[in-house]
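A.B. asks: Quick one: the structure is below, questions incoming.
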Amino acid sequence: MSSPIVYWFTSEVYPWRTTAATCWAMLSVPVFSIAFVLLTGISFSHPVQWISVIADIEKTRLNSVLSLFRWSRLPLLVVSFVTGAVSSWSLLRLMGSDMGSLTYELDSKEFRKVMLNERHLFLVEAGVFFSLCHFVRFFWQKQNYLSFPHIQRQKFFLIRREASRILHSNAGLSVKNTLCFYAVYFLFGGGPKLWIKSSFNMNEDSSKSDLTSVLGLLDISLFWQTYVLSLILTTAWTLATSLLRVFHTQLLQFDIQSAMEAKQDRGLGDAMATSEPQLLQHLAFYDFCLLSRHSKQRRQELFSLSQPGGHPRVWMAVSRTALHIARELTLKIQDANRLIMSRVAVAGQNQMANEEVSKSPFLFSSNLDSDGANSKGDPSNNNQTEAQASHSLSKIKATLSSLPFITQLTAENPDTDSRCLFASCQMHMWAVEGLSQVASWSFTEDKYGVVQGFLPTLIYTLVDLNEAIEKHFKCTSVVRRSHAASEDVPDASLPHRLHSVTRTAIYRVVNTYRQHLHDLHLSPEYFKKVQMFSDFLL
């Protein structure tokens with residue numbers, strides 16, 4: 001049975017935000033439909049008419065490709081396929097004229113024929129292709145990754161900024177999509193067309209150019225209609241994704257403590273301690289980080305004593321959870337560091353063994369010859385067939401692995417292990433910053449000394465985390481990526497951001513309590529480490 005806060009979040013907050021984002025996405029559909037009808041009416045052969053028309057973004061590449069077909073993602077693949085076909089068909093129906101139907105009748109004096117409207121089929125298949133392209137980009141470019149904003153702004157301004165960015169980027173992307181679909185249709189478009197003609201007994205108008213030929217594809221109006229279709233569908237998909245991101249990353253303020261019995265299990269501490277759903281826990285730590293910076297009133301609630309008994313239950317619950325996840329990450333990094341060092345040691349031993357073998361090749365070969373001579377005539381050791389088979393198999397593997405295409409697919413992406421290790425550290429950054437901010441503010445705002453008692457534990461945790469991260473950087477080849485590269489890989493900058501946040505948190509606490517470090521009764525080892533930060537501030 002789920003806890004009350006999980007039930008409240010999944011039954012009230014999450015559905016409302018999802019419904020709001022979906023409604024706004026649905027409200028944008030008529031706008032895109034009208035824009036499609038208006039833009040496709042532009043005729044390049046009549047410039048006056050055109051001017052008068054209102055013109056209205058895994059470990060290996062192979063794993064990344066295979067991840068698109070996970071069972072959890074196949075429903076979205078089917079939805080993309082169906083919605084691409086239905087959307088393009090609906091937009092073509094709005095256009096009317098000769099583009100609104102898959103077939104048309106050709107009347108003559110002797111008979112009536114049902115003809116295939118290849119332009120309609122072309123654009124419907126284009127809609128399916130563009131939707132599938134968005135499905136691939138959605139996961140390939142990590143668009144499903146929720147990135148929380150550094151500064152909270154009204155949803156209107158966020159959506160306005162997203163809309164302009166989406167339209168600008170999709171304008172160039174649609175050109176690439178259109179050209180790719182032209183190439184695909186030129187090579188494989190004849191198959192679906194022949195199947196439809198034979199299955200439904202349709203004919204093809206010989207007076208019109210076949211779109212699977214170069215001459216048929218050199219139709220400027222068709223290219224423009226395909227481009228606009230790509231622009232509209234891609235923009236609609238991307239805007240819907242951005243709406244979901246904007247709505248679900250909005251600040252959700254949790255009650256610090258509530259006198260109402262119905263809300264007592266929905267507090268900030270309860271949300272921070274909930275591991276599922278992950279979005280709820282991230283929203284709780286995000287709220288904790290922001291209140292530690294900007295809300296004096298809510299910080300006072302953290303410092304308050306709970307009745308009966310006068311114990312700091314709220315602060316104990318919040319700080320216990322935040323410290324726990326920070327220590328948990330520290331242990332993971334330390335284990336990863338030990339594993340890396342053990343691998344380095346094994347590699348060094350193997351290299352030394354290879355060097356010894358290379359220095360005494362005659363001894364090595366003579367031992368092999370003597371072993372081979374002793375094994376002659378012994379039927380039990382006569383496994384030449386198996387040896388040849390294994391040798392052939394290894395040779396085939398070596399040949400395949402040497403191919404550039406296979407190498408590109410199977411080669412490990414850079415910093416894969418480190419990226420997996422720090423993939424979820426956004427929440428840890430909020431925890432570290434929130435704890436250090438609250439500890440700093442408590443120097444002047446904590447009337448009961450609630451926070452000061454846990455300062456040694458906080459310092460130990462922050463110092464251990466900082467040392468583990470720095471050691472990991474030394475053990476691995478993690479490099480600081482440029483801003484452009486970080487946009488392509490959203491999680492690439494997380495390790496260095498966590499390192500920066502942790503060091504800043506240590507400086508913040510040390511600077512606040514510099515005159516009282518001796519009163520914290522730190523161990524000599526940690527006092528010496530903290531003193532280095534204090535001396536640097538001087």
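Following the order of the structure tokens, chains are lettered A, B, ..., residues in each are numbered from 1, and ligands are numbered from 1.
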Please list as a PyMOL selection string every residue within 8 Å of A:Ala171, counting only C-alpha atoms and excluding residues in the same chain fewer than 4 positions away.

C.D. replies: chain A and resi 167+175+231

A.B. asks: For A:Ser292, work out the shell of residues within 6 Å, counting only C-alpha atoms and skipping chain neighbours fewer than 3 positions away, then give it as a list in words.

C.D. replies: Cys289, Gly434, Gln437 and Val438 of chain A

A.B. asks: Please produce a file of the residues just selected, as an mmCIF file, in the first residue's frame, where the atoms kept are N, CA, C and O atoms.

C.D. replies:
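Output below, filename result.cif:
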```
data_model
loop_
_atom_site.group_PDB
_atom_site.id
_atom_site.type_symbol
_atom_site.label_atom_id
_atom_site.label_comp_id
_atom_site.auth_asym_id
_atom_site.auth_seq_id
_atom_site.Cartn_x
_atom_site.Cartn_y
_atom_site.Cartn_z
ATOM 1 N N CYS A 289 15.981 22.935 -1.683
ATOM 2 C CA CYS A 289 17.098 23.790 -2.105
ATOM 3 C C CYS A 289 16.660 25.243 -2.250
ATOM 4 O O CYS A 289 17.352 26.161 -1.801
ATOM 5 N N GLY A 434 21.320 22.676 -0.257
ATOM 6 C CA GLY A 434 20.296 22.990 0.738
ATOM 7 C C GLY A 434 20.819 22.864 2.154
ATOM 8 O O GLY A 434 20.571 23.737 3.008
ATOM 9 N N GLN A 437 23.285 25.771 2.834
ATOM 10 C CA GLN A 437 22.587 27.055 2.958
ATOM 11 C C GLN A 437 21.864 27.163 4.300
ATOM 12 O O GLN A 437 21.922 28.195 4.975
ATOM 13 N N VAL A 438 21.168 26.102 4.677
ATOM 14 C CA VAL A 438 20.452 26.118 5.957
ATOM 15 C C VAL A 438 21.439 26.247 7.112
ATOM 16 O O VAL A 438 21.202 26.998 8.080
#
```

A.B. asks: Quick one: everything within 9 Å of A:Ala240, counting only C-alpha atoms, minus sequence neighbours fewer than 4 positions away in the same chain. Send it as a PyMOL selection string.

C.D. replies: chain A and resi 21-22+24-26+235-236+244-245

A.B. asks: With a distance cut-off of 12 Å and only C-alpha atoms, select the neighbouring residues of A:Ser169, excluding the residue or stretch itself and same-chain residues fewer than 5 positions from it, and output the selection as a ChimeraX atom specification.

C.D. replies: /A:57,162-164,174-176,231,234-235,238-239

A.B. asks: So which residues touch A:Val318 within 8 Å, counting only C-alpha atoms, skipping near sequence neighbours fewer than 5 positions away, as a short mmCIF file (atom, residue, chain, number, x, y, z; two decimals) with N, CA and C atoms, in the first residue's frame?

C.D. replies:
```cif
data_model
loop_
_atom_site.label_atom_id
_atom_site.label_comp_id
_atom_site.auth_asym_id
_atom_site.auth_seq_id
_atom_site.Cartn_x
_atom_site.Cartn_y
_atom_site.Cartn_z
N LEU A 268 7.35 18.02 3.66
CA LEU A 268 8.59 18.01 2.88
C LEU A 268 9.45 16.80 3.23
N GLY A 269 9.54 16.47 4.51
CA GLY A 269 10.34 15.32 4.91
C GLY A 269 9.81 14.01 4.35
N MET A 272 10.73 13.90 0.60
CA MET A 272 12.16 13.66 0.38
C MET A 272 12.53 12.21 0.65
#
```

A.B. asks: Choose the residue, out of A:Leu132, A:Val463, A:Arg293, A:Phe200, that has the smallest atom-to-atom separation from A:Leu74; count only C-alpha atoms.

C.D. replies: A:Leu132

A.B. asks: Using the chain letters and numbers from this document, which residues of stretch 115-232 of chain A does DSSP assign to alpha helix (DSSP H), as a PyMOL selection string?

C.D. replies: chain A and resi 118-140+155-188+190-199+214-217+220-232

A.B. asks: Atom CA of A:Arg503 to atom CA of A:Asn466: how many Å, to one decimal?

C.D. replies: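 Interatomic distance, atom CA of A:Arg503 to atom CA of A:Asn466: 6.7 Å.
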
A.B. asks: Please, what distance in Å, to one decimal, runs between atom CA of A:Lys142 and atom CA of A:Gln281?

C.D. replies: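 Computing it gives 20.6 Å between the two atoms.
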
A.B. asks: If you count only C-alpha atoms, which residues fall within 9 Å of A:Trp140, apart from same-chain ones fewer than 5 positions away, as a PyMOL selection string?

C.D. replies: chain A and resi 64-65+68+135

A.B. asks: Enter the distance from atom CA of A:Glu301 to atom CA of A:Glu445, in Å, rounded to one decimal.

C.D. replies: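 Value for the atom CA of A:Glu301-atom CA of A:Glu445 distance: 10.8 Å.
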
A.B. asks: Under the rule that only C-alpha atoms are counted, which of A:Val450, A:Val13, A:Leu462, A:Cys425 is the nearest residue to A:Leu323?

C.D. replies: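 Among A:Val450, A:Val13, A:Leu462, A:Cys425, it is A:Leu462 that comes nearest to A:Leu323.
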
A.B. asks: From the list A:Phe454, A:Ile506, A:Ala431, A:Met115, which residue is nearest A:Ser207 when using only C-alpha atoms?

C.D. replies: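 Of the candidates, the smallest distance to A:Ser207 is held by A:Met115.
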
A.B. asks: With only C-alpha atoms as the basis for distance, which of A:Arg313, A:His134, A:Lys474, A:Arg327 is at the shortest distance from A:Leu233?

C.D. replies: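 For A:Leu233, the nearest of the given residues is A:His134.
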
A.B. asks: Quick one: of A:Ala273, A:Leu290, A:Leu302, A:Leu77, who's nearest to A:Ala322, counting only C-alpha atoms?

C.D. replies: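 Answer, going by the shortest atom-to-atom distance: A:Ala273.
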
A.B. asks: Please return, as a PyMOL selection string, all residues of stretch 62-126 of chain A that DSSP assigns to strand (DSSP E) on the basis of the backbone.

C.D. replies: chain A and resi 103-107+112-116

A.B. asks: Only C-alpha atoms, please: the residues just picked out, written as a PDB file, in the first residue's frame.

C.D. replies:
```
ATOM      1  CA  THR A 103      -8.341   7.799 -54.614  1.00  0.00           C
ATOM      2  CA  TYR A 104     -10.185   9.706 -57.288  1.00  0.00           C
ATOM      3  CA  GLU A 105     -12.408   8.633 -60.152  1.00  0.00           C
ATOM      4  CA  LEU A 106     -11.454   9.080 -63.775  1.00  0.00           C
ATOM      5  CA  ASP A 107     -14.551   9.288 -65.962  1.00  0.00           C
ATOM      6  CA  ARG A 112     -15.077   4.760 -64.901  1.00  0.00           C
ATOM      7  CA  LYS A 113     -11.767   3.955 -63.198  1.00  0.00           C
ATOM      8  CA  VAL A 114     -10.673   4.330 -59.561  1.00  0.00           C
ATOM      9  CA  MET A 115      -7.252   5.945 -59.658  1.00  0.00           C
ATOM     10  CA  LEU A 116      -4.585   6.056 -56.947  1.00  0.00           C
TER      11      LEU A 116
END
```

A.B. asks: With only C-alpha atoms as the basis for distance, which of A:Phe122, A:Trp315, A:Gln143, A:Ser221 is at the shortest distance from A:Phe186?

C.D. replies: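 Looking at the shortest contact to A:Phe186, the residue is A:Phe122.
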